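Colleague: Dropping the structure in here first, questions after.
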Amino acid sequence: MPELPEVETIRRALAEYCLNETLETVSVKTPALIKNASVDRFSNEFHHKQLVEIERRAKFLIFNFENRYMVCHLGMSGIFLKDASQSRFPQHIHLIWEFKSGKRLYYQDVRKFGKFWLYDTQPDFTNLGVEPFSEHFTFERLKALIQHKKTGIKLFLMDQSNIAGIGNIYASEILFRAGISPLKKCSDLSDREIRSLYSAIQEILQSAIKNFGTTYSAYRTVSGENGQNQNFLKVYQKAGLPCHQCATPIEKIILGNRSTFYCPRCQK
DNA sequence: TCTGACCTGCGA
DNA sequence: TCGCAGGTCAGA
């Protein structure tokens, strides 16, 4: 499911809903989702702790409960809900947080690819690449990352150790915005193309955050509503439809086992 | 570098 | 009934 814009949308909504709340209990219905602790330890560590900060790194959410850290990756279908009464999949609610104030938060994940971790110190995520909205993400940095790689540019964008947070939807959309074919090799990109790519990454992600993320199936906001960014996509899931710039039919190909959409005329 | 596995629901 | 779906990882 969620790529950087969806995770950031969720982070902002959770901060509004439950920042500074004190946790009464965490009920774990599906122990397999907890990756590095027993269910008992996981629940006990957060008992009566206040949620003092919610951060995002790439597609990970980091909940700081007074220096006990709960880290969550939403996988393909994980969402947080304030109210589970309208959920279509109540059987797939795997975690329930209950706050002292009486508020509740539900973690739902149909495909169970999501994961949770417990850390005693702030996790550092050394295996992740540069954050697209950080000061470290500059044109020079992007150029240095790209210029000697022989891999295709779309696979480069989706590799979390290069730039962290881009997934399959936004990789296609970013390349369309930049006018670069997903088949092009990194090492063949000109300075001008890398500059276009640099702008496209920030513009596409920023605009998706502004639109509360892209809903195709599982993703919902914390309030259970659809995101709006699917209404603004230019190529993703548009195979056969005319390109909005040149009317050439959008093509679908498979790269790295993932569907990839592009305009063969606009993207060279 | 590529493929399959993980898991479930949905639409063709 | 089968293929596909927004992610990640292990193993070949």
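Letters for chains follow the order of the structure tokens (A, B, ...), residue numbers begin at 1 for each chain, and ligand numbers begin at 1 in the order shown.
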Residues of region 59-247 of chain A in strand (DSSP E) according to DSSP, as number ranges by chain?

Modeller: A: 60-65, 68-73, 78-81, 93-99, 104-109, 115-119

Colleague: Keeping only C-alpha atoms, take the residues you just selected and write them out as a PDB file, in the first residue's frame.

Modeller:
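Dumped to again_23.pdb:
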ATOM      1  CA  PHE A  60       8.045   3.775   8.537  1.00  0.00           C
ATOM      2  CA  LEU A  61       6.071   5.365  11.369  1.00  0.00           C
ATOM      3  CA  ILE A  62       7.970   5.855  14.634  1.00  0.00           C
ATOM      4  CA  PHE A  63       5.897   6.312  17.788  1.00  0.00           C
ATOM      5  CA  ASN A  64       7.870   7.671  20.724  1.00  0.00           C
ATOM      6  CA  PHE A  65       6.303   6.594  24.011  1.00  0.00           C
ATOM      7  CA  ARG A  68      10.179   3.475  24.151  1.00  0.00           C
ATOM      8  CA  TYR A  69       9.822   3.371  20.384  1.00  0.00           C
ATOM      9  CA  MET A  70       7.132   1.525  18.459  1.00  0.00           C
ATOM     10  CA  VAL A  71       8.036   1.319  14.783  1.00  0.00           C
ATOM     11  CA  CYS A  72       5.444   0.344  12.201  1.00  0.00           C
ATOM     12  CA  HIS A  73       5.646  -0.480   8.505  1.00  0.00           C
ATOM     13  CA  GLY A  78      -2.045  -1.642   6.718  1.00  0.00           C
ATOM     14  CA  ILE A  79      -4.129   1.322   7.906  1.00  0.00           C
ATOM     15  CA  PHE A  80      -4.902   2.982  11.241  1.00  0.00           C
ATOM     16  CA  LEU A  81      -8.521   3.777  12.063  1.00  0.00           C
ATOM     17  CA  ILE A  93      -8.093  -5.704  12.963  1.00  0.00           C
ATOM     18  CA  HIS A  94      -4.784  -6.872  14.464  1.00  0.00           C
ATOM     19  CA  LEU A  95      -3.884  -4.260  17.098  1.00  0.00           C
ATOM     20  CA  ILE A  96      -6.040  -2.077  19.301  1.00  0.00           C
ATOM     21  CA  TRP A  97      -4.653   0.827  21.302  1.00  0.00           C
ATOM     22  CA  GLU A  98      -6.749   2.105  24.162  1.00  0.00           C
ATOM     23  CA  PHE A  99      -5.840   5.451  25.679  1.00  0.00           C
ATOM     24  CA  ARG A 104      -9.074   4.073  20.703  1.00  0.00           C
ATOM     25  CA  LEU A 105      -6.935   3.403  17.672  1.00  0.00           C
ATOM     26  CA  TYR A 106      -7.212   0.307  15.485  1.00  0.00           C
ATOM     27  CA  TYR A 107      -4.611  -1.216  13.163  1.00  0.00           C
ATOM     28  CA  GLN A 108      -6.213  -3.050  10.252  1.00  0.00           C
ATOM     29  CA  ASP A 109      -4.229  -5.038   7.695  1.00  0.00           C
ATOM     30  CA  LYS A 115       5.182  -5.182  10.724  1.00  0.00           C
ATOM     31  CA  PHE A 116       5.769  -3.731  14.193  1.00  0.00           C
ATOM     32  CA  TRP A 117       9.003  -3.442  16.163  1.00  0.00           C
ATOM     33  CA  LEU A 118       9.888  -2.338  19.676  1.00  0.00           C
ATOM     34  CA  TYR A 119      13.097  -0.372  20.347  1.00  0.00           C
TER      35      TYR A 119
END

Colleague: Name the residues of region 144-243 of chain A that come out as alpha helix (DSSP H) in a backbone DSSP run; write them as a PyMOL selection string.

Modeller: chain A and resi 144-146+153-158+168-178+191-210

Colleague: Keeping N, CA and C atoms, export the residues of the selection given above as a tab-separated table (two decimals), in the first residue's frame.

Modeller:
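Contents of out-v1.tsv, freshly written:
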chain	number	residue	atom	x	y	z
A	144	ALA	N	24.99	12.15	-7.93
A	144	ALA	CA	26.04	11.23	-7.46
A	144	ALA	C	25.48	9.81	-7.29
A	145	LEU	N	24.22	9.73	-6.84
A	145	LEU	CA	23.62	8.41	-6.64
A	145	LEU	C	23.36	7.71	-7.97
A	146	ILE	N	22.95	8.50	-8.96
A	146	ILE	CA	22.48	7.94	-10.23
A	146	ILE	C	23.60	7.62	-11.20
A	153	ILE	N	16.12	3.23	-14.43
A	153	ILE	CA	15.80	4.35	-13.54
A	153	ILE	C	14.58	4.05	-12.66
A	154	LYS	N	13.63	3.26	-13.18
A	154	LYS	CA	12.44	3.02	-12.32
A	154	LYS	C	12.82	2.14	-11.13
A	155	LEU	N	13.62	1.12	-11.38
A	155	LEU	CA	14.05	0.27	-10.27
A	155	LEU	C	14.91	1.06	-9.29
A	156	PHE	N	15.70	1.99	-9.82
A	156	PHE	CA	16.50	2.86	-8.95
A	156	PHE	C	15.59	3.65	-8.00
A	157	LEU	N	14.52	4.22	-8.56
A	157	LEU	CA	13.62	5.05	-7.74
A	157	LEU	C	12.94	4.23	-6.65
A	158	MET	N	12.67	2.96	-6.96
A	158	MET	CA	11.95	2.14	-5.98
A	158	MET	C	12.86	1.46	-4.97
A	168	ASN	N	5.58	2.02	-6.12
A	168	ASN	CA	5.26	1.74	-7.52
A	168	ASN	C	4.40	2.81	-8.19
A	169	ILE	N	3.43	3.34	-7.49
A	169	ILE	CA	2.57	4.37	-8.10
A	169	ILE	C	3.40	5.60	-8.43
A	170	TYR	N	4.09	6.12	-7.42
A	170	TYR	CA	4.77	7.40	-7.59
A	170	TYR	C	6.01	7.30	-8.46
A	171	ALA	N	6.61	6.11	-8.56
A	171	ALA	CA	7.75	5.95	-9.48
A	171	ALA	C	7.28	6.21	-10.92
A	172	SER	N	6.13	5.62	-11.29
A	172	SER	CA	5.60	5.86	-12.64
A	172	SER	C	5.23	7.32	-12.83
A	173	GLU	N	4.57	7.91	-11.84
A	173	GLU	CA	4.12	9.30	-11.96
A	173	GLU	C	5.30	10.28	-12.03
A	174	ILE	N	6.34	10.01	-11.24
A	174	ILE	CA	7.52	10.88	-11.23
A	174	ILE	C	8.22	10.84	-12.59
A	175	LEU	N	8.34	9.65	-13.16
A	175	LEU	CA	9.03	9.54	-14.45
A	175	LEU	C	8.22	10.21	-15.57
A	176	PHE	N	6.89	10.14	-15.46
A	176	PHE	CA	6.09	10.85	-16.46
A	176	PHE	C	6.31	12.35	-16.33
A	177	ARG	N	6.27	12.84	-15.11
A	177	ARG	CA	6.47	14.29	-14.88
A	177	ARG	C	7.83	14.75	-15.42
A	178	ALA	N	8.84	13.86	-15.25
A	178	ALA	CA	10.19	14.23	-15.67
A	178	ALA	C	10.44	13.96	-17.15
A	191	ASP	N	22.45	15.55	-17.37
A	191	ASP	CA	22.27	16.48	-16.25
A	191	ASP	C	20.87	17.10	-16.27
A	192	ARG	N	20.44	17.46	-17.48
A	192	ARG	CA	19.11	18.08	-17.61
A	192	ARG	C	18.02	17.12	-17.13
A	193	GLU	N	18.16	15.85	-17.51
A	193	GLU	CA	17.15	14.85	-17.10
A	193	GLU	C	17.19	14.62	-15.58
A	194	ILE	N	18.39	14.58	-15.03
A	194	ILE	CA	18.49	14.39	-13.57
A	194	ILE	C	17.88	15.58	-12.84
A	195	ARG	N	18.06	16.76	-13.42
A	195	ARG	CA	17.47	17.95	-12.80
A	195	ARG	C	15.93	17.87	-12.86
A	196	SER	N	15.40	17.41	-14.00
A	196	SER	CA	13.94	17.24	-14.11
A	196	SER	C	13.45	16.21	-13.11
A	197	LEU	N	14.21	15.14	-12.99
A	197	LEU	CA	13.83	14.08	-12.07
A	197	LEU	C	13.81	14.60	-10.64
A	198	TYR	N	14.81	15.38	-10.31
A	198	TYR	CA	14.93	15.94	-8.96
A	198	TYR	C	13.69	16.77	-8.61
A	199	SER	N	13.29	17.62	-9.54
A	199	SER	CA	12.09	18.44	-9.30
A	199	SER	C	10.85	17.56	-9.24
A	200	ALA	N	10.76	16.60	-10.15
A	200	ALA	CA	9.55	15.76	-10.24
A	200	ALA	C	9.34	14.97	-8.96
A	201	ILE	N	10.41	14.46	-8.37
A	201	ILE	CA	10.29	13.68	-7.14
A	201	ILE	C	9.61	14.51	-6.06
A	202	GLN	N	10.09	15.74	-5.88
A	202	GLN	CA	9.53	16.56	-4.81
A	202	GLN	C	8.12	17.04	-5.15
A	203	GLU	N	7.90	17.40	-6.41
A	203	GLU	CA	6.58	17.92	-6.78
A	203	GLU	C	5.50	16.84	-6.67
A	204	ILE	N	5.81	15.66	-7.20
A	204	ILE	CA	4.80	14.58	-7.19
A	204	ILE	C	4.47	14.15	-5.76
A	205	LEU	N	5.50	13.99	-4.94
A	205	LEU	CA	5.26	13.54	-3.56
A	205	LEU	C	4.52	14.62	-2.76
A	206	GLN	N	4.95	15.87	-2.95
A	206	GLN	CA	4.32	16.97	-2.22
A	206	GLN	C	2.85	17.10	-2.59
A	207	SER	N	2.58	17.00	-3.88
A	207	SER	CA	1.21	17.14	-4.32
A	207	SER	C	0.34	15.97	-3.83
A	208	ALA	N	0.92	14.78	-3.76
A	208	ALA	CA	0.17	13.62	-3.24
A	208	ALA	C	-0.15	13.79	-1.75
A	209	ILE	N	0.78	14.38	-1.01
A	209	ILE	CA	0.52	14.64	0.42
A	209	ILE	C	-0.63	15.64	0.55
A	210	LYS	N	-0.56	16.67	-0.30
A	210	LYS	CA	-1.61	17.70	-0.28
A	210	LYS	C	-2.99	17.09	-0.56

Colleague: Select, as a list in words, those residues of chain A with any atom no more than 9 Å from chain C (distances computed using only C-alpha atoms (C1' of nucleotides)).

Modeller: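 For chain A, the answer reads Met1, Pro2, Glu3, Leu74, Gly75, Met76, Ser77, Phe113, Gly114, Gly167, Asn168, Ile169, Thr214, Thr215, Tyr216, Ser217, Ala218 and Tyr219 of chain A.
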
Colleague: When you get a sec, could you note down which chain B residues fall within 9 Å of chain A, using only C-alpha atoms (C1' of nucleotides), as a short mmCIF file (atom, residue, chain, number, x, y, z; two decimals) with N, CA and C atoms (P, O5', C5', C4', C3', O3' and C1' of nucleotides), in the first residue's frame?

Modeller:
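That gives us out_38.cif:
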data_model
loop_
_atom_site.label_atom_id
_atom_site.label_comp_id
_atom_site.auth_asym_id
_atom_site.auth_seq_id
_atom_site.Cartn_x
_atom_site.Cartn_y
_atom_site.Cartn_z
P DC B 2 17.43 -7.46 -13.52
"O5'" DC B 2 16.66 -8.79 -13.16
"C5'" DC B 2 17.13 -10.03 -13.70
"C4'" DC B 2 16.47 -11.16 -12.95
"C3'" DC B 2 14.95 -11.05 -12.85
"O3'" DC B 2 14.38 -12.20 -13.44
"C1'" DC B 2 15.92 -11.56 -10.73
P DT B 3 12.82 -12.35 -13.54
"O5'" DT B 3 12.50 -13.32 -12.32
"C5'" DT B 3 13.24 -14.52 -12.18
"C4'" DT B 3 12.68 -15.29 -11.01
"C3'" DT B 3 11.17 -15.26 -10.91
"O3'" DT B 3 10.68 -16.59 -10.79
"C1'" DT B 3 12.16 -14.54 -8.86
P DC B 6 4.78 -19.13 1.12
"O5'" DC B 6 4.33 -17.83 1.91
"C5'" DC B 6 5.15 -17.32 2.97
"C4'" DC B 6 4.75 -15.91 3.25
"C3'" DC B 6 3.24 -15.69 3.40
"O3'" DC B 6 2.91 -15.71 4.78
"C1'" DC B 6 4.34 -13.90 2.22
P DC B 7 1.58 -16.54 5.19
"O5'" DC B 7 0.40 -15.59 4.70
"C5'" DC B 7 0.16 -14.36 5.38
"C4'" DC B 7 -0.93 -13.62 4.67
"C3'" DC B 7 -2.17 -14.46 4.38
"O3'" DC B 7 -3.20 -14.04 5.25
"C1'" DC B 7 -1.58 -13.04 2.54
P DT B 8 -4.57 -14.87 5.32
"O5'" DT B 8 -5.50 -13.99 4.37
"C5'" DT B 8 -5.78 -12.65 4.72
"C4'" DT B 8 -6.41 -11.95 3.54
"C3'" DT B 8 -7.68 -12.59 3.03
"O3'" DT B 8 -8.74 -11.71 3.38
"C1'" DT B 8 -6.26 -11.85 1.25
P DG B 9 -10.24 -11.99 2.93
"O5'" DG B 9 -10.38 -11.02 1.67
"C5'" DG B 9 -10.05 -9.65 1.84
"C4'" DG B 9 -10.23 -8.92 0.54
"C3'" DG B 9 -11.58 -9.18 -0.14
"O3'" DG B 9 -12.04 -7.94 -0.64
"C1'" DG B 9 -9.81 -9.76 -1.61
#

Colleague: Distance CA of Lys103 (chain A)-CA of Glu6 (chain A), one decimal place?

Modeller: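 Those two atoms sit 22.7 Å apart.
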
Colleague: Nearest to Ser101 (chain A) among A:Asn36, A:Gln245, A:Gln50, A:Asn162, with distances taken over only C-alpha atoms: which residue is it?

Modeller: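 Closest to Ser101 (chain A) of all the choices is A:Gln50.
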
Colleague: Please compute the C1' of DC10 (chain B)-CA of Gln160 (chain A) distance, one decimal, in Å.

Modeller: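 Interatomic distance, C1' of DC10 (chain B) to CA of Gln160 (chain A): 28.8 Å.
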
Colleague: As an exercise, work out the distance from CA of Asn67 (chain A) to CA of Thr22 (chain A) in Å and give it to one decimal place.

Modeller: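 About the pair CA of Asn67 (chain A) and CA of Thr22 (chain A): they are 13.4 Å apart.
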